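**Student:** Got start09.cif for you, mmCIF, C-alpha atoms:
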data_run
#
loop_
_atom_site.group_PDB
_atom_site.id
_atom_site.type_symbol
_atom_site.label_atom_id
_atom_site.label_comp_id
_atom_site.auth_asym_id
_atom_site.auth_seq_id
_atom_site.Cartn_x
_atom_site.Cartn_y
_atom_site.Cartn_z
ATOM 1 C CA MET A 1 17.093 -2.830 -20.208
ATOM 2 C CA ILE A 2 17.976 -0.714 -23.234
ATOM 3 C CA ASN A 3 21.525 -0.968 -24.552
ATOM 4 C CA GLU A 4 22.999 1.606 -26.891
ATOM 5 C CA GLU A 5 26.279 2.219 -28.655
ATOM 6 C CA PRO A 6 28.143 5.369 -27.538
ATOM 7 C CA GLY A 7 26.752 8.425 -29.255
ATOM 8 C CA GLU A 8 23.527 6.754 -30.333
ATOM 9 C CA LEU A 9 21.358 9.176 -28.390
ATOM 10 C CA PHE A 10 23.048 12.034 -30.228
ATOM 11 C CA SER A 11 22.792 10.557 -33.713
ATOM 12 C CA HIS A 12 19.308 9.065 -33.204
ATOM 13 C CA PRO A 13 17.399 11.199 -30.720
ATOM 14 C CA ASP A 14 13.930 9.936 -29.901
ATOM 15 C CA ARG A 15 10.740 11.348 -28.464
ATOM 16 C CA ASN A 16 10.982 12.464 -24.841
ATOM 17 C CA LEU A 17 7.958 11.209 -22.934
ATOM 18 C CA ALA A 18 8.911 13.358 -19.953
ATOM 19 C CA MET A 19 7.967 16.546 -21.781
ATOM 20 C CA GLU A 20 4.454 15.205 -22.327
ATOM 21 C CA LEU A 21 4.165 14.191 -18.697
ATOM 22 C CA VAL A 22 5.090 17.704 -17.583
ATOM 23 C CA ARG A 23 1.753 18.890 -18.939
ATOM 24 C CA ALA A 24 -0.013 16.601 -16.467
ATOM 25 C CA THR A 25 1.955 17.805 -13.431
ATOM 26 C CA GLU A 26 1.531 21.429 -14.528
ATOM 27 C CA ALA A 27 -2.232 20.900 -14.735
ATOM 28 C CA ALA A 28 -2.380 19.297 -11.281
ATOM 29 C CA ALA A 29 -0.310 22.061 -9.686
ATOM 30 C CA ILE A 30 -2.321 24.860 -11.280
ATOM 31 C CA ARG A 31 -5.699 23.391 -10.347
ATOM 32 C CA ALA A 32 -4.550 22.967 -6.733
ATOM 33 C CA THR A 33 -3.505 26.618 -6.492
ATOM 34 C CA PRO A 34 -6.824 28.031 -5.202
ATOM 35 C CA TRP A 35 -6.573 25.671 -2.216
ATOM 36 C CA ILE A 36 -3.109 26.742 -1.054
ATOM 37 C CA GLY A 37 -3.358 27.886 2.536
ATOM 38 C CA ARG A 38 -7.089 27.193 2.723
ATOM 39 C CA GLY A 39 -6.794 24.353 5.246
ATOM 40 C CA ASP A 40 -8.563 21.727 3.105
ATOM 41 C CA LYS A 41 -6.022 19.180 1.899
ATOM 42 C CA ASN A 42 -8.699 16.851 0.489
ATOM 43 C CA ALA A 43 -10.091 19.565 -1.781
ATOM 44 C CA ALA A 44 -6.595 20.429 -3.003
ATOM 45 C CA ASP A 45 -5.840 16.762 -3.657
ATOM 46 C CA LYS A 46 -9.102 16.192 -5.545
ATOM 47 C CA ALA A 47 -8.505 19.181 -7.804
ATOM 48 C CA ALA A 48 -5.000 17.945 -8.597
ATOM 49 C CA VAL A 49 -6.082 14.318 -9.159
ATOM 50 C CA ASP A 50 -8.867 15.321 -11.563
ATOM 51 C CA ALA A 51 -6.526 17.487 -13.615
ATOM 52 C CA MET A 52 -3.670 14.983 -13.742
ATOM 53 C CA ARG A 53 -5.915 12.131 -14.788
ATOM 54 C CA LYS A 54 -7.442 14.176 -17.609
ATOM 55 C CA PHE A 55 -4.038 15.006 -19.071
ATOM 56 C CA LEU A 56 -2.622 11.505 -18.626
ATOM 57 C CA SER A 57 -5.455 10.193 -20.795
ATOM 58 C CA THR A 58 -3.921 12.055 -23.767
ATOM 59 C CA VAL A 59 -0.393 10.606 -23.441
ATOM 60 C CA ASN A 60 0.602 7.934 -25.962
ATOM 61 C CA PHE A 61 1.476 5.038 -23.688
ATOM 62 C CA GLN A 62 -0.122 1.993 -22.104
ATOM 63 C CA GLY A 63 0.244 2.886 -18.452
ATOM 64 C CA VAL A 64 -0.598 0.929 -15.311
ATOM 65 C CA VAL A 65 -0.690 2.897 -12.072
ATOM 66 C CA VAL A 66 1.537 0.873 -9.735
ATOM 67 C CA ILE A 67 1.661 3.613 -7.106
ATOM 68 C CA GLY A 68 -1.392 5.816 -6.961
ATOM 69 C CA GLU A 69 -3.899 7.378 -4.621
ATOM 70 C CA GLY A 70 -4.747 4.035 -2.995
ATOM 71 C CA GLU A 71 -6.987 1.048 -3.638
ATOM 72 C CA LYS A 72 -9.905 1.415 -6.034
ATOM 73 C CA ASP A 73 -12.649 1.566 -3.404
ATOM 74 C CA ASP A 74 -10.946 4.452 -1.599
ATOM 75 C CA ALA A 75 -9.559 6.243 -4.647
ATOM 76 C CA PRO A 76 -12.022 6.518 -7.530
ATOM 77 C CA MET A 77 -9.330 7.911 -9.854
ATOM 78 C CA LEU A 78 -5.609 7.210 -10.248
ATOM 79 C CA PHE A 79 -5.987 4.168 -8.024
ATOM 80 C CA ASN A 80 -3.457 1.330 -7.887
ATOM 81 C CA GLY A 81 -3.988 -0.824 -10.969
ATOM 82 C CA GLU A 82 -5.799 1.824 -13.034
ATOM 83 C CA ILE A 83 -5.026 1.892 -16.773
ATOM 84 C CA VAL A 84 -4.130 5.323 -18.160
ATOM 85 C CA GLY A 85 -2.963 6.733 -21.479
ATOM 86 C CA THR A 86 -4.224 6.377 -25.031
ATOM 87 C CA GLY A 87 -3.515 2.631 -25.167
ATOM 88 C CA GLN A 88 -0.859 3.189 -27.823
ATOM 89 C CA GLY A 89 2.900 3.309 -27.421
ATOM 90 C CA PRO A 90 5.142 1.751 -24.761
ATOM 91 C CA GLN A 91 3.882 -0.331 -21.855
ATOM 92 C CA VAL A 92 4.924 1.324 -18.621
ATOM 93 C CA ASP A 93 4.537 1.363 -14.849
ATOM 94 C CA ILE A 94 3.483 4.690 -13.360
ATOM 95 C CA ALA A 95 3.845 6.202 -9.915
ATOM 96 C CA VAL A 96 1.771 9.324 -9.383
ATOM 97 C CA ASP A 97 1.312 11.793 -6.575
ATOM 98 C CA PRO A 98 -0.809 14.709 -7.775
ATOM 99 C CA ILE A 99 0.322 16.544 -4.633
ATOM 100 C CA ASP A 100 3.267 15.265 -2.642
ATOM 101 C CA GLY A 101 2.627 17.430 0.410
ATOM 102 C CA THR A 102 -1.145 17.909 0.692
ATOM 103 C CA SER A 103 -0.718 19.094 4.285
ATOM 104 C CA LEU A 104 1.936 21.560 3.115
ATOM 105 C CA THR A 105 -0.458 22.853 0.464
ATOM 106 C CA ALA A 106 -3.366 23.183 2.878
ATOM 107 C CA ALA A 107 -1.189 25.072 5.368
ATOM 108 C CA GLY A 108 0.456 27.255 2.719
ATOM 109 C CA ARG A 109 3.898 25.867 3.525
ATOM 110 C CA SER A 110 6.763 25.384 1.085
ATOM 111 C CA HIS A 111 8.042 22.318 -0.809
ATOM 112 C CA ALA A 112 4.764 20.824 -2.113
ATOM 113 C CA ILE A 113 5.099 19.327 -5.607
ATOM 114 C CA SER A 114 3.044 17.427 -8.161
ATOM 115 C CA MET A 115 4.962 14.464 -9.558
ATOM 116 C CA ILE A 116 4.898 11.470 -11.908
ATOM 117 C CA ALA A 117 7.474 8.691 -12.272
ATOM 118 C CA VAL A 118 7.468 6.230 -15.176
ATOM 119 C CA ALA A 119 9.475 3.088 -15.922
ATOM 120 C CA GLU A 120 9.188 0.073 -18.208
ATOM 121 C CA ARG A 121 6.326 -2.306 -17.431
ATOM 122 C CA GLY A 122 6.948 -4.632 -14.506
ATOM 123 C CA SER A 123 10.120 -2.865 -13.331
ATOM 124 C CA MET A 124 8.865 -0.927 -10.289
ATOM 125 C CA LEU A 125 8.911 -2.600 -6.887
ATOM 126 C CA ASP A 126 5.336 -2.927 -5.657
ATOM 127 C CA ALA A 127 5.746 -2.186 -1.963
ATOM 128 C CA SER A 128 2.160 -1.036 -1.460
ATOM 129 C CA SER A 129 1.516 -3.664 1.234
ATOM 130 C CA VAL A 130 4.125 -2.030 3.519
ATOM 131 C CA PHE A 131 3.621 1.693 3.901
ATOM 132 C CA TYR A 132 6.971 2.770 5.387
ATOM 133 C CA MET A 133 10.549 2.460 4.188
ATOM 134 C CA GLU A 134 13.843 3.540 5.720
ATOM 135 C CA LYS A 135 15.837 5.393 3.066
ATOM 136 C CA MET A 136 19.283 6.825 2.447
ATOM 137 C CA VAL A 137 19.903 9.049 -0.591
ATOM 138 C CA ALA A 138 22.956 10.993 -1.730
ATOM 139 C CA SER A 139 24.787 12.127 -4.850
ATOM 140 C CA GLU A 140 27.109 9.942 -6.928
ATOM 141 C CA GLU A 141 29.868 10.435 -4.344
ATOM 142 C CA GLY A 142 27.894 8.091 -2.091
ATOM 143 C CA ILE A 143 28.180 5.123 -4.470
ATOM 144 C CA GLY A 144 30.432 2.485 -2.955
ATOM 145 C CA VAL A 145 30.881 4.708 0.098
ATOM 146 C CA LEU A 146 27.551 4.721 1.948
ATOM 147 C CA ASP A 147 25.783 1.716 3.445
ATOM 148 C CA ILE A 148 22.455 1.968 5.274
ATOM 149 C CA ASP A 149 23.588 -0.906 7.540
ATOM 150 C CA ARG A 150 26.491 1.133 8.932
ATOM 151 C CA PRO A 151 26.133 3.612 11.818
ATOM 152 C CA LEU A 152 24.949 6.989 10.585
ATOM 153 C CA ALA A 153 27.979 8.823 12.001
ATOM 154 C CA GLU A 154 30.279 6.591 9.931
ATOM 155 C CA ASN A 155 28.246 7.279 6.795
ATOM 156 C CA ILE A 156 28.352 11.025 7.385
ATOM 157 C CA ALA A 157 32.133 10.950 7.845
ATOM 158 C CA ALA A 158 32.587 8.777 4.749
ATOM 159 C CA LEU A 159 30.453 11.068 2.600
ATOM 160 C CA ALA A 160 32.305 14.139 3.858
ATOM 161 C CA ARG A 161 35.609 12.550 2.786
ATOM 162 C CA ALA A 162 34.181 11.559 -0.606
ATOM 163 C CA LYS A 163 32.881 15.088 -1.198
ATOM 164 C CA ASP A 164 36.039 16.677 0.234
ATOM 165 C CA LYS A 165 33.986 18.729 2.686
ATOM 166 C CA PRO A 166 34.330 19.295 6.425
ATOM 167 C CA ILE A 167 31.756 17.309 8.407
ATOM 168 C CA ASP A 168 30.319 20.515 9.835
ATOM 169 C CA GLU A 169 29.357 21.561 6.287
ATOM 170 C CA ILE A 170 27.376 18.364 5.638
ATOM 171 C CA ARG A 171 23.612 18.916 5.704
ATOM 172 C CA VAL A 172 21.268 15.962 6.175
ATOM 173 C CA ALA A 173 17.547 16.188 5.337
ATOM 174 C CA VAL A 174 15.160 14.256 7.548
ATOM 175 C CA LEU A 175 11.417 14.370 8.171
ATOM 176 C CA ASP A 176 10.609 16.219 11.390
ATOM 177 C CA ARG A 177 8.816 13.389 13.180
ATOM 178 C CA PRO A 178 9.001 12.038 16.757
ATOM 179 C CA ARG A 179 10.230 8.711 15.330
ATOM 180 C CA HIS A 180 13.339 10.538 14.118
ATOM 181 C CA ASP A 181 14.324 12.214 17.395
ATOM 182 C CA ALA A 182 17.210 9.797 17.975
ATOM 183 C CA LEU A 183 18.272 9.999 14.312
ATOM 184 C CA ILE A 184 18.360 13.791 14.435
ATOM 185 C CA GLN A 185 20.533 13.672 17.547
ATOM 186 C CA GLN A 186 22.909 11.224 15.858
ATOM 187 C CA ILE A 187 23.348 13.609 12.927
ATOM 188 C CA ARG A 188 24.156 16.508 15.228
ATOM 189 C CA ASP A 189 26.413 14.434 17.480
ATOM 190 C CA ALA A 190 28.372 13.449 14.352
ATOM 191 C CA GLY A 191 29.058 17.141 13.745
ATOM 192 C CA ALA A 192 26.743 17.573 10.747
ATOM 193 C CA GLY A 193 23.701 19.822 10.437
ATOM 194 C CA THR A 194 20.080 18.867 9.868
ATOM 195 C CA ARG A 195 17.583 20.164 7.343
ATOM 196 C CA LEU A 196 14.265 19.267 8.960
ATOM 197 C CA ILE A 197 11.317 18.959 6.581
ATOM 198 C CA PHE A 198 7.597 18.869 7.385
ATOM 199 C CA ASP A 199 6.628 16.612 4.471
ATOM 200 C CA GLY A 200 7.739 15.744 0.959
ATOM 201 C CA ASP A 201 10.748 13.469 1.237
ATOM 202 C CA VAL A 202 10.726 12.897 -2.542
ATOM 203 C CA ALA A 203 12.003 16.434 -3.116
ATOM 204 C CA ALA A 204 14.473 16.027 -0.251
ATOM 205 C CA GLY A 205 15.891 12.864 -1.834
ATOM 206 C CA ILE A 206 16.256 14.534 -5.219
ATOM 207 C CA ASN A 207 17.956 17.547 -3.645
ATOM 208 C CA ALA A 208 20.407 15.209 -1.888
ATOM 209 C CA ALA A 209 21.428 13.778 -5.283
ATOM 210 C CA ARG A 210 21.777 17.121 -7.073
ATOM 211 C CA HIS A 211 25.241 18.583 -7.507
ATOM 212 C CA ASP A 212 24.089 22.158 -6.830
ATOM 213 C CA SER A 213 22.015 21.553 -3.687
ATOM 214 C CA ARG A 214 22.870 22.464 -0.103
ATOM 215 C CA ILE A 215 21.527 19.075 1.012
ATOM 216 C CA ASP A 216 24.169 16.329 1.017
ATOM 217 C CA MET A 217 22.135 13.363 2.248
ATOM 218 C CA ALA A 218 18.520 12.428 2.960
ATOM 219 C CA VAL A 219 17.783 9.783 5.590
ATOM 220 C CA GLY A 220 14.948 8.426 7.677
ATOM 221 C CA ILE A 221 11.663 6.566 7.463
ATOM 222 C CA GLY A 222 9.115 7.799 4.941
ATOM 223 C CA GLY A 223 6.584 6.307 2.560
ATOM 224 C CA SER A 224 7.528 3.214 0.546
ATOM 225 C CA PRO A 225 5.650 4.446 -2.551
ATOM 226 C CA GLU A 226 7.572 7.716 -2.400
ATOM 227 C CA GLY A 227 10.781 5.713 -2.159
ATOM 228 C CA VAL A 228 10.124 3.932 -5.444
ATOM 229 C CA ALA A 229 9.211 7.188 -7.178
ATOM 230 C CA THR A 230 12.366 8.829 -5.827
ATOM 231 C CA ALA A 231 14.435 5.955 -7.231
ATOM 232 C CA CYS A 232 13.280 6.818 -10.761
ATOM 233 C CA ALA A 233 14.668 10.318 -10.311
ATOM 234 C CA ILE A 234 17.907 9.221 -8.648
ATOM 235 C CA LYS A 235 18.657 6.954 -11.622
ATOM 236 C CA ALA A 236 18.503 9.985 -13.902
ATOM 237 C CA LEU A 237 20.808 11.950 -11.594
ATOM 238 C CA GLY A 238 23.319 9.116 -11.281
ATOM 239 C CA GLY A 239 23.028 9.206 -7.511
ATOM 240 C CA PHE A 240 23.014 6.739 -4.627
ATOM 241 C CA MET A 241 19.982 5.262 -2.904
ATOM 242 C CA GLN A 242 19.220 2.381 -0.554
ATOM 243 C CA GLY A 243 15.990 1.420 1.189
ATOM 244 C CA ARG A 244 14.817 -1.033 3.805
ATOM 245 C CA LEU A 245 11.149 -1.778 4.505
ATOM 246 C CA ALA A 246 9.902 -0.703 7.943
ATOM 247 C CA PRO A 247 6.619 -2.485 8.785
ATOM 248 C CA GLN A 248 4.718 -0.972 11.704
ATOM 249 C CA SER A 249 3.013 -4.172 12.875
ATOM 250 C CA ASP A 250 3.218 -7.954 12.641
ATOM 251 C CA GLU A 251 0.128 -7.880 10.440
ATOM 252 C CA GLU A 252 1.768 -5.479 7.985
ATOM 253 C CA ARG A 253 4.927 -7.592 7.920
ATOM 254 C CA GLN A 254 2.828 -10.662 7.102
ATOM 255 C CA ARG A 255 1.079 -8.819 4.262
ATOM 256 C CA GLY A 256 4.463 -7.880 2.883
ATOM 257 C CA GLN A 257 5.750 -11.427 3.124
ATOM 258 C CA ASP A 258 2.628 -12.683 1.364
ATOM 259 C CA ALA A 259 3.354 -10.170 -1.418
ATOM 260 C CA GLY A 260 6.916 -11.474 -1.801
ATOM 261 C CA LEU A 261 8.684 -8.553 -0.137
ATOM 262 C CA GLN A 262 11.899 -9.014 1.835
ATOM 263 C CA PHE A 263 12.533 -7.684 5.323
ATOM 264 C CA ASP A 264 15.854 -6.997 7.028
ATOM 265 C CA HIS A 265 17.043 -6.652 3.450
ATOM 266 C CA VAL A 266 18.682 -3.662 1.787
ATOM 267 C CA TYR A 267 17.005 -2.700 -1.478
ATOM 268 C CA GLY A 268 19.430 -0.998 -3.833
ATOM 269 C CA LEU A 269 18.517 1.388 -6.609
ATOM 270 C CA ASP A 270 18.178 -1.412 -9.165
ATOM 271 C CA ASP A 271 15.954 -3.371 -6.774
ATOM 272 C CA LEU A 272 13.560 -0.450 -6.325
ATOM 273 C CA VAL A 273 13.360 0.136 -10.095
ATOM 274 C CA ARG A 274 14.884 -2.480 -12.388
ATOM 275 C CA SER A 275 14.573 -0.438 -15.581
ATOM 276 C CA ASP A 276 17.415 1.717 -16.891
ATOM 277 C CA ASN A 277 14.906 3.852 -18.796
ATOM 278 C CA THR A 278 13.048 5.904 -16.183
ATOM 279 C CA PHE A 279 11.325 9.253 -16.239
ATOM 280 C CA PHE A 280 10.536 11.604 -13.396
ATOM 281 C CA VAL A 281 8.692 14.904 -13.698
ATOM 282 C CA ALA A 282 7.576 17.346 -11.043
ATOM 283 C CA THR A 283 5.966 20.790 -10.949
ATOM 284 C CA GLY A 284 6.095 23.065 -7.935
ATOM 285 C CA VAL A 285 2.833 23.701 -6.118
ATOM 286 C CA THR A 286 4.392 25.890 -3.426
ATOM 287 C CA ASP A 287 7.902 27.346 -3.425
ATOM 288 C CA GLY A 288 10.732 24.989 -2.558
ATOM 289 C CA GLU A 289 14.428 24.389 -3.095
ATOM 290 C CA LEU A 290 13.732 21.947 -5.926
ATOM 291 C CA VAL A 291 11.212 23.990 -7.929
ATOM 292 C CA ARG A 292 9.389 27.286 -7.593
ATOM 293 C CA GLY A 293 5.685 27.146 -6.806
ATOM 294 C CA VAL A 294 2.789 28.272 -8.985
ATOM 295 C CA ARG A 295 2.571 32.065 -9.289
ATOM 296 C CA ARG A 296 -0.201 34.247 -10.662
ATOM 297 C CA GLN A 297 0.363 37.741 -11.946
ATOM 298 C CA GLY A 298 -2.719 39.305 -13.469
ATOM 299 C CA GLY A 299 -3.871 37.138 -16.336
ATOM 300 C CA LEU A 300 -0.824 34.843 -16.336
ATOM 301 C CA ILE A 301 0.041 31.781 -14.268
ATOM 302 C CA SER A 302 3.716 30.794 -14.108
ATOM 303 C CA THR A 303 4.957 27.277 -13.347
ATOM 304 C CA GLU A 304 8.366 25.695 -12.910
ATOM 305 C CA SER A 305 8.965 21.986 -13.490
ATOM 306 C CA ILE A 306 11.797 19.512 -13.753
ATOM 307 C CA ALA A 307 11.962 16.634 -16.210
ATOM 308 C CA LEU A 308 14.508 13.870 -15.603
ATOM 309 C CA ARG A 309 15.355 10.896 -17.781
ATOM 310 C CA SER A 310 17.785 8.147 -16.861
ATOM 311 C CA ARG A 311 18.452 6.925 -20.401
ATOM 312 C CA SER A 312 19.980 10.251 -21.399
ATOM 313 C CA GLY A 313 21.075 11.319 -17.903
ATOM 314 C CA THR A 314 19.264 14.594 -18.425
ATOM 315 C CA MET A 315 17.590 17.009 -16.018
ATOM 316 C CA ARG A 316 15.656 19.802 -17.673
ATOM 317 C CA ARG A 317 13.988 22.779 -16.054
ATOM 318 C CA VAL A 318 10.775 23.843 -17.710
ATOM 319 C CA SER A 319 9.365 27.317 -17.085
ATOM 320 C CA ALA A 320 5.974 28.085 -18.548
ATOM 321 C CA ASP A 321 3.408 30.879 -18.585
ATOM 322 C CA HIS A 322 -0.266 29.952 -18.892
ATOM 323 C CA GLN A 323 -3.291 32.145 -19.517
ATOM 324 C CA ALA A 324 -5.228 32.102 -16.249
ATOM 325 C CA SER A 325 -8.565 32.318 -18.062
ATOM 326 C CA LYS A 326 -7.925 28.877 -19.564
ATOM 327 C CA TRP A 327 -7.338 27.257 -16.187
ATOM 328 C CA LEU A 328 -9.036 28.942 -13.235
ATOM 329 C CA ASP A 329 -12.483 30.341 -12.656
ATOM 330 C CA ASP A 330 -12.337 33.636 -10.774
#
Render the structure in this file as structure tokens.
**Tutor:**
Amino acid sequence: MINEEPGELFSHPDRNLAMELVRATEAAAIRATPWIGRGDKNAADKAAVDAMRKFLSTVNFQGVVVIGEGEKDDAPMLFNGEIVGTGQGPQVDIAVDPIDGTSLTAAGRSHAISMIAVAERGSMLDASSVFYMEKMVASEEGIGVLDIDRPLAENIAALARAKDKPIDEIRVAVLDRPRHDALIQQIRDAGAGTRLIFDGDVAAGINAARHDSRIDMAVGIGGSPEGVATACAIKALGGFMQGRLAPQSDEERQRGQDAGLQFDHVYGLDDLVRSDNTFFVATGVTDGELVRGVRRQGGLISTESIALRSRSGTMRRVSADHQASKWLDD
């Protein structure tokens, strides 16, 4: 944990790693562009992985991929445990998803992003042995108000009071999956509205924590790795997040227990990521509420990214124009 006197960030600003990481997510998003709507999610993912890895190799840090594309045998690059960076600078944990929403990209649907989360070495929860996690995310108004153990209707009513909004104006994001049918009905029975998403619950969680979003809360079961990455962003936004592991079999539960994970236990934000110095960057692949997707106009490619840092409590939007001839082969 990094402690500072008030005003120290102003009087002694330091280098912002997030701005370097944006180059890697921009590269991944741009290289995936030719595969948008082409129906081949593996080709899109490979193009993004290759580009992200190349750019990460130029960043001055000693990075270990804690959350990557999978185990080494199945993921030749950006696999769990891979070392990235120049080998100089801070020692960090990294969570990467060159495309969060490969199916969205392949289908040409909205809300696909390329993202990287970074925190101090050893601070990210390694939940790779249990794929799914139940999550609840909201803005700062949810702190001390929401509790994943309480009935959802009670949480919705409590958040509405905290935000001084009628319940019928509360919007809850949830993955559109059969496993969530009962959850979706609970939201509607409580008087709130749903925002059903095909994929990409990282963006949904971030939108739930933003002050200017129409999403008030994100709930449901999604990927555990995505939950840890989301936590890095929520720390920068000052929001609320809780998670609870959701093993799908006795064998998976045993693997998690062997790895030291806790079940029937609520993981708070500081349990998911212990560091108070986190970074999260994302670039839009396809258009979404969080960021605009990659656009090409003649010889220019335009990208939009966000860069969040918990130490400074900053969220930056980064718009960039790139010469297409430097990136894509016609």
**Student:** Determine the residue membership of the PyMOL selection byres ((chain A and resi 27) around 9) for the file above and supply it as a compact mmCIF listing (two decimals) with C-alpha atoms, in the coordinates of the input.
**Tutor:**
# COMPACT_ATOMS: atom_id res chain seq x y z
CA VAL A 22 5.09 17.70 -17.58
CA ARG A 23 1.75 18.89 -18.94
CA ALA A 24 -0.01 16.60 -16.47
CA THR A 25 1.96 17.80 -13.43
CA GLU A 26 1.53 21.43 -14.53
CA ALA A 28 -2.38 19.30 -11.28
CA ALA A 29 -0.31 22.06 -9.69
CA ILE A 30 -2.32 24.86 -11.28
CA ARG A 31 -5.70 23.39 -10.35
CA ALA A 32 -4.55 22.97 -6.73
CA ALA A 48 -5.00 17.94 -8.60
CA ALA A 51 -6.53 17.49 -13.62
CA MET A 52 -3.67 14.98 -13.74
CA LYS A 54 -7.44 14.18 -17.61
CA PHE A 55 -4.04 15.01 -19.07
CA TRP A 327 -7.34 27.26 -16.19
**Student:** Do you know which residues the PyMOL selection byres ((chain A and resi 225) around 7) returns on this file, as an MDAnalysis selection string?
**Tutor:** chainID A and resid 67 127:128 223:224 226:229
**Student:** Apply the PyMOL selection byres ((chain A and resi 207-216) around 9) to the structure shown and report the selected residues as a PyMOL selection string.
**Tutor:** chain A and resi 137-140+159-160+170-173+194-195+202-206+217-218+234+237-241+289-290
**Student:** Applying 12 Å and all atoms listed in the file, which residues near A:Gly313 remain after dropping the ones on its own chain fewer than 4 positions away? List them as JSON, numbers by chain.
**Tutor:** {"A": [9, 232, 233, 234, 235, 236, 237, 238, 239, 276, 277, 278, 279, 280, 307, 308, 309]}
**Student:** Between A:Ile148, A:Ala246, A:Val285, A:Ile187, which one has atoms that come closest to A:Tyr132, using all atoms listed in the file?
**Tutor:** A:Ala246
**Student:** Quick one: of A:Ser57, A:Thr33, A:Ser275, A:Thr105, who's nearest to A:Ser123, counting all atoms listed in the file?
**Tutor:**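 Smallest distance to A:Ser123 is found for A:Ser275.
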**Student:** Using all atoms of stretch 270-282 of chain A that appear in the file, construct an axis-aligned enclosing box with 8 Å of padding on every side and provide its centre coordinates and edge lengths in Å, rounded to one decimal, as AutoDock Vina command-line options.
**Tutor:**
--center_x 12.9 --center_y 7.0 --center_z -12.6 --size_x 26.6 --size_y 36.7 --size_z 28.5
**Student:** Which one of A:Val96, A:Asp149, A:Gly200, A:Ser319 sits closest to A:Leu56 if you count all atoms listed in the file?
**Tutor:** A:Val96
**Student:** To one decimal in Å, tell me the separation between atom CA of A:Ser312 and atom CA of A:Leu21.
**Tutor:** 16.5 Å
**Student:** Work out how far atom CA of A:Asp40 is from atom CA of A:Gly85, in Å to one decimal.
**Tutor:**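 Between atom CA of A:Gly85 and atom CA of A:Asp40 the gap works out to 29.3 Å.
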**Student:** As a list of chain:residue names, please: the residues near A:Lys41 (cut-off 6 Å, all atoms listed in the file, same-chain neighbours under 2 positions excluded).
**Tutor:** A:Ala43, A:Ala44, A:Thr102, A:Ser103, A:Ala106
**Student:** Provide the atom CA of A:Gly298 to atom CA of A:Pro34 distance in Å, to one decimal place.
**Tutor:**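 A separation of 14.6 Å between them.
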**Student:** Restricting the calculation to only C-alpha atoms: of A:Lys46, A:Lys135, A:Arg296, A:Arg53, which residue gets closest to A:Gly220?
**Tutor:**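 Counting only C-alpha atoms, the residue closest to A:Gly220 is A:Lys135.
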**Student:** Given the choices A:Thr58, A:Gln242, A:Ser129, A:Thr86, which gets closest to A:Gly144 if the distance is worked out from only C-alpha atoms?
**Tutor:** A:Gln242
**Student:** Distance cut-off 6 Å, centre (8.9, -0.4, -23.7) in file coordinates, counting only C-alpha atoms: which residues qualify? Return them as a list in words.
**Tutor:**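 Residues satisfying the cut-off, written out: Pro90, Gln91 and Glu120 of chain A.
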**Student:** Could you save the residues just selected, with C-alpha atoms, as an mmCIF file, keeping the file's coordinate frame?
**Tutor:**
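The new file result.cif reads:
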data_model
loop_
_atom_site.group_PDB
_atom_site.id
_atom_site.type_symbol
_atom_site.label_atom_id
_atom_site.label_comp_id
_atom_site.auth_asym_id
_atom_site.auth_seq_id
_atom_site.Cartn_x
_atom_site.Cartn_y
_atom_site.Cartn_z
ATOM 1 C CA PRO A 90 5.142 1.751 -24.761
ATOM 2 C CA GLN A 91 3.882 -0.331 -21.855
ATOM 3 C CA GLU A 120 9.188 0.073 -18.208
#
**Student:** Any chance you could model N, CA, C and O atoms for stretch 49-55 of chain A and send them as a PDB file, keeping the file's coordinate frame?
**Tutor:**
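Listed below is the output, out-v3.pdb:
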ATOM      1  N   VAL A  49      -5.840  15.652  -8.589  1.00  0.00           N
ATOM      2  CA  VAL A  49      -6.082  14.318  -9.159  1.00  0.00           C
ATOM      3  C   VAL A  49      -6.913  14.423 -10.440  1.00  0.00           C
ATOM      4  O   VAL A  49      -6.582  13.819 -11.471  1.00  0.00           O
ATOM      5  N   ASP A  50      -7.992  15.183 -10.389  1.00  0.00           N
ATOM      6  CA  ASP A  50      -8.867  15.321 -11.563  1.00  0.00           C
ATOM      7  C   ASP A  50      -8.099  15.860 -12.764  1.00  0.00           C
ATOM      8  O   ASP A  50      -8.258  15.379 -13.894  1.00  0.00           O
ATOM      9  N   ALA A  51      -7.272  16.876 -12.519  1.00  0.00           N
ATOM     10  CA  ALA A  51      -6.526  17.487 -13.615  1.00  0.00           C
ATOM     11  C   ALA A  51      -5.458  16.554 -14.168  1.00  0.00           C
ATOM     12  O   ALA A  51      -5.303  16.414 -15.388  1.00  0.00           O
ATOM     13  N   MET A  52      -4.731  15.884 -13.286  1.00  0.00           N
ATOM     14  CA  MET A  52      -3.670  14.983 -13.742  1.00  0.00           C
ATOM     15  C   MET A  52      -4.243  13.839 -14.560  1.00  0.00           C
ATOM     16  O   MET A  52      -3.705  13.475 -15.614  1.00  0.00           O
ATOM     17  N   ARG A  53      -5.323  13.265 -14.077  1.00  0.00           N
ATOM     18  CA  ARG A  53      -5.915  12.131 -14.788  1.00  0.00           C
ATOM     19  C   ARG A  53      -6.382  12.529 -16.184  1.00  0.00           C
ATOM     20  O   ARG A  53      -6.199  11.781 -17.148  1.00  0.00           O
ATOM     21  N   LYS A  54      -6.969  13.711 -16.306  1.00  0.00           N
ATOM     22  CA  LYS A  54      -7.442  14.176 -17.609  1.00  0.00           C
ATOM     23  C   LYS A  54      -6.294  14.290 -18.601  1.00  0.00           C
ATOM     24  O   LYS A  54      -6.395  13.859 -19.755  1.00  0.00           O
ATOM     25  N   PHE A  55      -5.168  14.822 -18.162  1.00  0.00           N
ATOM     26  CA  PHE A  55      -4.038  15.006 -19.071  1.00  0.00           C
ATOM     27  C   PHE A  55      -3.322  13.698 -19.355  1.00  0.00           C
ATOM     28  O   PHE A  55      -2.841  13.477 -20.467  1.00  0.00           O
TER      29      PHE A  55
END
